[in-house]
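Novice: Please read through the structure below; I'll follow up with questions.
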Amino acid sequence: MADEGKSTTSSSSPLSGKEDMSSFSREQEGADEKPPEEESKASLPMESPVAEEQEVEEVESDTESIDAEGDLEEQDNNEVPLEAQKTPEKVEKKISETFFYKYEDIYSRPFVTEDSGIPVNLLTLKHSFGYDCTRSVNLLLMDSQTLMYIAGNQVVLLDLKTKSQSYLRSSGSGGIGFITAHPTKQYFAVGEKGKKPNLIIYDYPSLRPYRILRGGTEEAYVFGDFNNAGTLLASVGSSPDYMLTIWDWKQEKIVLRSKAFSRDVYKVTFSAANEEQLTTSGAGHIRFWKMVLGFTGLRLQGALGRFGKTAVTDIIGYVELPDGKVISGTEWGNLLLWEGGLIKVELCRAGRKPCHSGPVSQLVLDEGELVTVGKDGFIRVWNFETIDVADSVDDTGLLEVEPLNELHVGRSVSLSFMSKVHDCGQPVWYAQDANGAIWKLDLTFSTMARDPECLYTFHSGRIEAMSVSPVTYLMATTALDRSVRIYDFISNSQLSEIKFKQGGTALTWTPRVVNPKGGLIAVGFEDGVVRIIEVYDPKGLPVLAGQTSTENAEIKLKQAFKPHATAVTALAYERNGDVLATGSKDKTVFFFAVEDEYKPIGFIRVPGPVQALQWSPPSHVKSTLLILCENGFALQVPAPFPEEQDTVSTYQIKNLPTQYFHFYSIKSRIKLEEEIALREKKKQEKEKAKLDWIKQQQEMGKEIEEEEPEEELEEEPLPPLYIPEEPSPILCGFYSAPGKFWLSLGGYDSGFLYHCEFSHDHQEDPENRKDEPFEVIPVENTDNNPIHQISFCTSRLLMFCGMQDGALRVYPLQDKDLSVNTLKEYWCFNVHDNDYGQIQGICSSYDDRFLITCGGDGNIFTFNILSPEDAHKELKAKIPSPRSGLEKEKATEDIEDPSAYNIEEVKQKKEYERLMKEAEEKKNKKREELIALRHEFLCLLHKNQELPKHMQLHREQYEMDHRIFEELDRQTAQRIQLVKKELAWEHEKHLIGLQKLRNRFRDSLEFDTVVVHAIQSNHQISTYRLLAMSEKHYEDKQAWKKAEEREIVTETRHARIFEGEAEKLKKMPEVRKPTMRYIERKYEQIRRIVEKSDKVQAKIMKRKAEWDELYKSKPSDDYENPKDVEDIKAAQENMGCYNLKTATNCRVPEHKHMNTEKKVMQLTSLEVLIHKRKVNMNKEIMSLRDLKVSIIDEIKCLVQELKSIQAALDLSERLPLPLIPQLHPDEVPEKKFEYDSAILLKFKEEQEAKAKLQEQLEGSPSSHAFRHGFVRAPSIKEIDPMVQAAGAHPRKTASSAVTEQQKVFEIEKAEPTEMELEILKREKIKNLYLQETLIKKINALVINFDAELRLLRHKKLKLDVQMKSADLRYITWYEELLILKNLEKQENLLQRRVNTLISEQEAAQSTLNSYLGQMEDRKCEIVKLQECEKALYANFQASLGENNEFAHFLTKVLKKKIKCMEKKEVGREADEDDENGEENDEKSSLGIDEENLGFEDEVFDDSVCPKNCDEALFRNTIQLRQKRLDIEKALTEEKKVAANLRKKYNALAKKAKLVKNSLDTANRELETFQCEKQQRLNELYVVVPLKLHQVEYLVNGKMPSDFSQALVFTKQSLEYLQKRIVDLRNENIMQREIYKKAQEQHKQLVQDKKEMEIKIRQLEEKCNHLMMKKFGRLVDFEAVQAHSVNIRMEELKVQIMEKEYVHSQELKEWEERISDLQQQLMKLTKENTSKLQQLNQFCLEKQQLEVKLASLKNDLGLEFQGTRPTDIKEKARLESRLKHRARDAALLREEINFLSRKGGCLREELPLLSRKDGNGNYQSKWPLKMDMVNCGSSHGRKRDRNGFGYAGV
């Protein structure tokens, strides 16, 4: 960890791996020239928002728009210079566009202790293997080749083609929170973590730091997003501030800031349509933000989304729609559509199935479609338009929608995020899988779409364990994702992977002594299983037919066993490799004998879950195992011997010697000793200073008076010793010496390394031990950051420590042992995530060249140890070779069931089965004995029966033990219980019946009738008996209110989304040919021209759009202000007298129309209101009843106290006791329903007595009277317990009073003294006063209660009157409802008719508008055609020229009428009338009347050009005539279409007029019906109770007897009408003044308009004058700017140059190839010539030999010397053949000459030079190749013995 405030030195590069360091140039582009005073500061990173070394521009700054909180923070953090305070205008510095920071100045470096001599590059990052897939967004595509993601404190840039990595370090070593890309992909932002983290903007692809944003949050950045234009950046922080900040990132300034929420915020984005709107979401919330301009400036205003009926959910993904709505996901997979901060509708699939089976992690708008990404591995595409207009259809708020397409990426896939990039013009999506993968997806959903491709796989989540091979450069890792992976950290690749059913928790590579090849790995899993897996190179196996191996390494399960019940946490091999120890959370350690197949030895139990295991090193004499437990225990046991263990019944080892160490915290004592030492040191310094002062005074000769010793100030008390209640967990440890070890603890005891030693005391209970370490070494900066892992290199000269915050520390050990001085100097580097990336494992390679770390963030890093990467290029990882016979072995059986028994449980189960078997055998033996005894007993009974009676034994005499009968009684009780169970159904049946009665008659009651009586009077008050209101009434009422308050008209605004695409430039080689450079320059020139042209065109279009908007905003001449129209309409409606509903001309407004639904709502609301008022009154009465109960209790207490006082008074002095009031039965009716078993039994007896009495009294005349006089006496329990207590207390008090009086009489026998008499007198007076006071208090309570009851009774009487009025109103409204129901059918018919006519009218009007548009289009087309015809005649006149003698003829040719015969299609089915009509139209359209032209008398031939007439002019006239005919034909057709449209328009207009008339008629009928309905309603009688003072209708000052002419009017309405008269007068005066002002304003506007028109004309004249002066004519500047350069022509020219260049290159290649072939031909020809010459020599020698042979044979055959026929034939044959050979030779010469010339071609093979003689024999058959032919002379030939000839060429 790079601690602040300590100097660090480093020369590390920003890039590692194979990337070139030169890409990070130390030179700054655009910032090379700096002022002299800034040169010295250029090497340091800037701390202020604007760097001092940058180029600046001074501009006037606007007021900074930050809210109040942001202003205060800026005032606190930024110091304003004094000069700036004095200047009246604030001037800010503006950052130059070309300014860049230096990466070397800002990236974090390792921390090295000062003057330690430790090299900064002790460790250098080599490669990153992991991937933090648990982040919500950890994937960024900058282009189709580069992928970026966060790995701890680095941003990894992965090249997808070369698979190479480069890295960007964080600047503060606190980790990285997010990465996001600029819309142009030219920049990307990196939000960091830590105290006051930075937000850095990097340039891409140069990766130079461009801007550094500071002060945006306190602890960490969570998410960031650029706006669509790329000018603003929004970031949100984590706890504690959750700050939302809007940045002007190019100027490094905060624009706005506000707290986003009080809980975790996951995401913030700008709206693509409106950049002044943002959205944030997170834990249980979504918030919608707007940038609002207030009095204090621009500020952020956030509206929290309200979930309403929908359950609150965490929102991970959402997307803003163009119209301002937002659609978000939920945890249960549905989609929520938000509008105005409320949920408009919840979307699900058909059948109420969720859109995704799990949380929706991302939503994307892509090409007009909505794409959702789910944690269930599905990607679904939805119809955007359907979702945008979605609305709920019922009270559930759900709407069922089906997706258009869906893609299931794969099983066990949990998608978190997707990013889109274009590769070769095709869209490609890259997806982040939370289960540890990166996918490449094709979302085109076409038939050619590719399947999902998994590019990379990683561990998902925390890496649980890691180990390195002891013989080569391989490492193995495992995690809870159930996989084990093998990596080659030399080639930086993953070799193989194997998956199991459970997650891995521990792993170790077997040492070399166990497996010299290094191919075995032991892995522990969370279900307690340990698996031995084997890694081997499959290439070493015999290759079977049809099988090929593509992997570099394969993993095979060798053995699986389950020693534990829970997760395996530690594995360790004994130093000799004989024993494997496994530890688990189940508090056991199991030992196995290491052989070819591991065999269990046994296990021991330990006091806590096992944290780590370590065997003693070879330097120790004995082999012992150090066991570290999580709860502070450490144990040491020797290695068990398999032959000494008894494993018959259990594997538990009980006699293994064990030493315990229970850690006891001493940190508090260490801190206390440090505090004491510090105080003592301060005290000594104070005394020394005093002595020095005295000595100084004495030397100066001053006398020092002896002062009284000053009272020492009381020191603060020392902190008490603190021992944590729960022991601190042990994190790691290791042996230091035999019996001694070091520990690192977490929790309270972190910050030290503790040196501990096992004691030899074995008697004490381990739980009660308190062992303290004998040595403690403090470790710097580890109080809250303990050491989690400790590892050593092979030489033990370096100690590697893995910290909780993901930092890596290295301590150099000089003497191979730890000491205080050793741990003072260290090297520290933050690599993993600082929040959750605690290091889980540290391993160095077998040769100490590399170091590997893995962390909780899922990352795996490899480092070089003091050696550059170039030195390792020759290294290579060797994969172990397979064992012999491995391919023949069967697959090992695995343990897949997580609930399978472990080894001990299997052993215990077998032992249990053995014991059960033995017990069953014993039971069978006992059963046989019992059967024999029973048989013997029956025999004895039989014998007893045979004896005489006086000798027989009674059955009781057989009873040997009374307990037998007790057992029988117990069995009887069990049978009774069984009977109760049998009757339980009947019991339950009656209970259900009782419950049904209660539900029917009691539960429906909300209030029963309760009568409260007064105490002293007969007044009483009763509650209303109310039935509970159904929920439907409340729902209907709420729905009615919402329907009244709902706004019908809503407006939506759509904004266009402009998306810019960044240009992608191809990298070309540095050295290029001049032609290519010229072509590139031309391309660049064209690109600049295109950009310039586009800018000009955009400027022109923008200006046109602004003018269009301006003209659109101009109101028309007949424009009327909507507010004025509404006011006029309201005035017209309310103008005149006050209309009564009973008037004949009364017109009910539409909004006051009453129908059945509204009337039902009115009734419901009235019913609810009545119920509410009654409920309130009932509550008051019940509270009065409760008051009476409390008063009775208080009176009882007072009476009791009064009795105790009267006991001390004489009988004559005692006042009568007040009566205690009692509760009447009707005051507590609920007690009628309370009962118990005693009451039920008593009720049963009373019923039986009633029945008997009824039988006795039947027929008696007095029975009826007796029956009426019989009243059941209430049970004791039915009487109020208060009354019982009140009745019981008097008896007790009476008895106690008698005893007290007796005692008093006994005491009074003695005569009292005067003092006693005085005391008695005073006591008497006091008691009399108390007696009177208590009686008054009792009476006051009674009187006050009665008064309260009378007041409430009066209030209830008023309420009764109101309830009666409400009932009367309810009756009236119900009668109105009946009338409305009768008229509802007819009203609906009329309303439907009106609605139908309105829809028809709208449709007709829409069609009319479309016809008008088409007619306007036709008119425009006709005008265009007429203009074309005029242009044609003008062109003809121009072609004739002046004084053309053939002008008359050519004009006649041009205007000649020609009938065009059109080809009729085969199979045409039109009617003949239509065909005739079409022919007539064609004649009229294609021909011109010759009579009108005046050429009817002339006959001429227009097919021949006259003599001396220009042929070209004649042909041009013919062509113009054809064009004229085409134009006239088109013109005729357009006029015909226009006429048809006019006909349709007129017909439809007539129809629309009829519809309008019908609609007016229907409206009148509906209005008439409404009047009739109102009259029917007016006929109902309404009861209106009035008081006399409310009657103002008097006749001659008296009240008339007939009120038929009276009007019932509310007082408020009457006052309003009177007040309205005055208001109208005032309004009339005010409107006149407004009209006068409007006239004056109109005159002024007319004058201003005239002046503006004059000014416009002057400017136009000036502009035209300048154009004439400069160009000589008026010019359209927009056309000139738009068509200044022919871009297409320039592009074609460049393409031609490219083609020419390519063809010249190809031509040059072909020429080189021809030259090579000619050289080859020459060489072969020479070889052939030499061979032919040699052949010729051989032929000559043969000829000479034949001559010699012939001379030797001249003597022989003289008789045959004459000419023979055969010789003649042979000679003829040879001569013929010679001619043939000569002809072949001539052909060969011609061929050679032809080939020697340029352009000749080679033949593969010449024809065979052969000839066939008359006998069928072939002569001289020589197949000669062309490359063996050469020029030469002919030689003679002779016949050989075989008859063949040889030819020489």
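A note on labels: chains of the structure tokens are A, B, ... as shown, every chain counts residues from 1, and ligands are counted from 1 in their shown order.
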Taking 5 positions as the minimum chain separation for residues in the same chain, which residues sit within 9 Å of Gly368 (chain A) when counting only C-alpha atoms? Answer as JSON, numbers by chain.
Specialist: {"A": [383, 384, 385]}
Novice: Could you name the residues that touch region 766-774 of chain A at 6 Å or less, counting only C-alpha atoms, but leaving out those on the same chain fewer than 2 positions away, as an MDAnalysis selection string?
Specialist: chainID A and resid 661:664 754:756
Novice: Can you spit out the residues from that selection as an mmCIF file, in the first residue's frame, using C-alpha atoms?
Specialist:
data_model
loop_
_atom_site.group_PDB
_atom_site.id
_atom_site.type_symbol
_atom_site.label_atom_id
_atom_site.label_comp_id
_atom_site.auth_asym_id
_atom_site.auth_seq_id
_atom_site.Cartn_x
_atom_site.Cartn_y
_atom_site.Cartn_z
ATOM 1 C CA PHE A 661 -2.490 -22.718 22.764
ATOM 2 C CA HIS A 662 -5.545 -20.493 23.452
ATOM 3 C CA PHE A 663 -4.659 -16.956 22.436
ATOM 4 C CA TYR A 664 -5.329 -14.324 25.082
ATOM 5 C CA TYR A 754 2.587 -12.589 17.755
ATOM 6 C CA HIS A 755 5.341 -15.081 18.606
ATOM 7 C CA CYS A 756 3.798 -17.937 20.571
#
Novice: Figure out the distance between CA of Arg1418 (chain A) and CA of Ala1431 (chain A), please, to one decimal in Å.
Specialist: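 Between CA of Ala1431 (chain A) and CA of Arg1418 (chain A) the gap is 19.7 Å.
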Novice: Let me make sure I understand: among A:Tyr1078, A:Phe178, A:Phe111, A:Phe295, which one has the smallest atom-to-atom distance to Phe829 (chain A) if we use only C-alpha atoms?
Specialist: A:Phe111
Novice: Contacts of Gly358 (chain A) at 8 Å or less, counting only C-alpha atoms, minus same-chain residues fewer than 2 places along, as a ChimeraX atom specification?
Specialist: /A:331-333,356,360,374-376
Novice: Take the selection from the previous step and output its residues with C-alpha atoms, as a short mmCIF file (atom, residue, chain, number, x, y, z; two decimals), in the first residue's frame.
Specialist:
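Dumped everything to again.cif:
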data_model
loop_
_atom_site.label_atom_id
_atom_site.label_comp_id
_atom_site.auth_asym_id
_atom_site.auth_seq_id
_atom_site.Cartn_x
_atom_site.Cartn_y
_atom_site.Cartn_z
CA GLU A 331 -35.82 -8.00 -9.15
CA TRP A 332 -38.63 -10.39 -10.13
CA GLY A 333 -38.07 -9.88 -13.87
CA HIS A 356 -37.20 -12.54 -17.28
CA VAL A 360 -33.27 -7.41 -15.39
CA GLY A 374 -31.58 -10.72 -17.82
CA LYS A 375 -29.73 -12.60 -15.15
CA ASP A 376 -31.49 -15.71 -16.48
#
Novice: For Tyr149 (chain A), which of A:Val255, A:Ile438, A:Ile666, A:Ala1786 is the closest residue, counting only C-alpha atoms?
Specialist: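 Once distances to Tyr149 (chain A) are computed over only C-alpha atoms, the minimum belongs to A:Ile438.
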Novice: If you run DSSP on the backbone here, which positions in region 1493-1688 of chain A get helix (DSSP H, G or I)? Please write them as number ranges by chain.
Specialist: A: 1493, 1511-1578, 1588-1590, 1611-1671, 1677-1682, 1687-1688
Novice: Would you list the contacts of Leu1432 (chain A) as a PyMOL selection string, taking every protein, DNA or RNA residue within 10 Å and counting only C-alpha atoms, but skipping same-chain residues closer than 5 positions in sequence?
Specialist: chain A and resi 1426-1427+1437-1438+1520-1521+1523-1524+1527
Novice: For the selection just defined, write its residues with C-alpha atoms to a file, as a JSON list (two decimals), in the first residue's frame.
Specialist:
[["chain", "number", "residue", "atom", "x", "y", "z"],
["A", 1426, "GLN", "CA", -46.87, 23.10, -69.04],
["A", 1427, "GLU", "CA", -43.55, 24.72, -68.22],
["A", 1437, "GLN", "CA", -37.17, 28.22, -81.74],
["A", 1438, "ALA", "CA", -33.59, 28.54, -80.52],
["A", 1520, "LEU", "CA", -38.73, 17.29, -79.93],
["A", 1521, "ARG", "CA", -42.02, 16.22, -81.49],
["A", 1523, "LYS", "CA", -41.09, 14.73, -76.42],
["A", 1524, "ARG", "CA", -44.04, 17.05, -77.11],
["A", 1527, "ILE", "CA", -45.65, 15.76, -72.47]]
Novice: Would you mind writing down, as a list in words, each residue of region 894-1021 of chain A that DSSP on the backbone assigns to strand (DSSP E or B)?
Specialist: Leu1005, Glu1006, Phe1007, Val1011, Val1012, His1013, Gln1020 and Ile1021 of chain A
Novice: For the selection just defined, write its residues with N, CA and C atoms to a file, as an mmCIF file, in the first residue's frame.
Specialist:
data_model
loop_
_atom_site.group_PDB
_atom_site.id
_atom_site.type_symbol
_atom_site.label_atom_id
_atom_site.label_comp_id
_atom_site.auth_asym_id
_atom_site.auth_seq_id
_atom_site.Cartn_x
_atom_site.Cartn_y
_atom_site.Cartn_z
ATOM 1 N N LEU A 1005 -71.156 -7.208 11.913
ATOM 2 C CA LEU A 1005 -71.438 -6.020 12.710
ATOM 3 C C LEU A 1005 -70.147 -5.293 13.041
ATOM 4 N N GLU A 1006 -70.125 -4.017 12.682
ATOM 5 C CA GLU A 1006 -68.994 -3.203 13.108
ATOM 6 C C GLU A 1006 -69.233 -2.638 14.509
ATOM 7 N N PHE A 1007 -70.475 -2.302 14.796
ATOM 8 C CA PHE A 1007 -70.862 -1.832 16.129
ATOM 9 C C PHE A 1007 -72.210 -2.448 16.491
ATOM 10 N N VAL A 1011 -75.992 0.692 25.167
ATOM 11 C CA VAL A 1011 -76.743 1.768 25.831
ATOM 12 C C VAL A 1011 -75.971 2.175 27.074
ATOM 13 N N VAL A 1012 -75.617 3.445 27.164
ATOM 14 C CA VAL A 1012 -74.917 3.977 28.329
ATOM 15 C C VAL A 1012 -75.929 4.767 29.154
ATOM 16 N N HIS A 1013 -76.078 4.391 30.439
ATOM 17 C CA HIS A 1013 -77.051 5.012 31.342
ATOM 18 C C HIS A 1013 -76.360 6.037 32.210
ATOM 19 N N GLN A 1020 -80.152 8.330 29.027
ATOM 20 C CA GLN A 1020 -79.323 7.281 28.421
ATOM 21 C C GLN A 1020 -79.037 7.635 26.969
ATOM 22 N N ILE A 1021 -78.016 7.017 26.446
ATOM 23 C CA ILE A 1021 -77.605 7.234 25.055
ATOM 24 C C ILE A 1021 -77.144 5.908 24.485
#
Novice: Have a look at A:Leu718, A:Leu1377, A:Ala891, A:Leu625 and name the one nearest to Leu557 (chain A); count only C-alpha atoms.
Specialist: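 Ranking A:Leu718, A:Leu1377, A:Ala891, A:Leu625 by distance to Leu557 (chain A), first place goes to A:Ala891.
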Novice: Would you mind listing what lies within 8 Å of region 130-135 of chain A as a PyMOL selection string, with only C-alpha atoms counted and same-chain residues fewer than 3 positions away left out?
Specialist: chain A and resi 138+149-151+432-437+458-461+857-861
Novice: Please, what distance in Å, to one decimal, runs between CA of Gln1162 (chain A) and CA of Lys1573 (chain A)?
Specialist: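 Result for CA of Gln1162 (chain A) versus CA of Lys1573 (chain A): 17.8 Å, one decimal.
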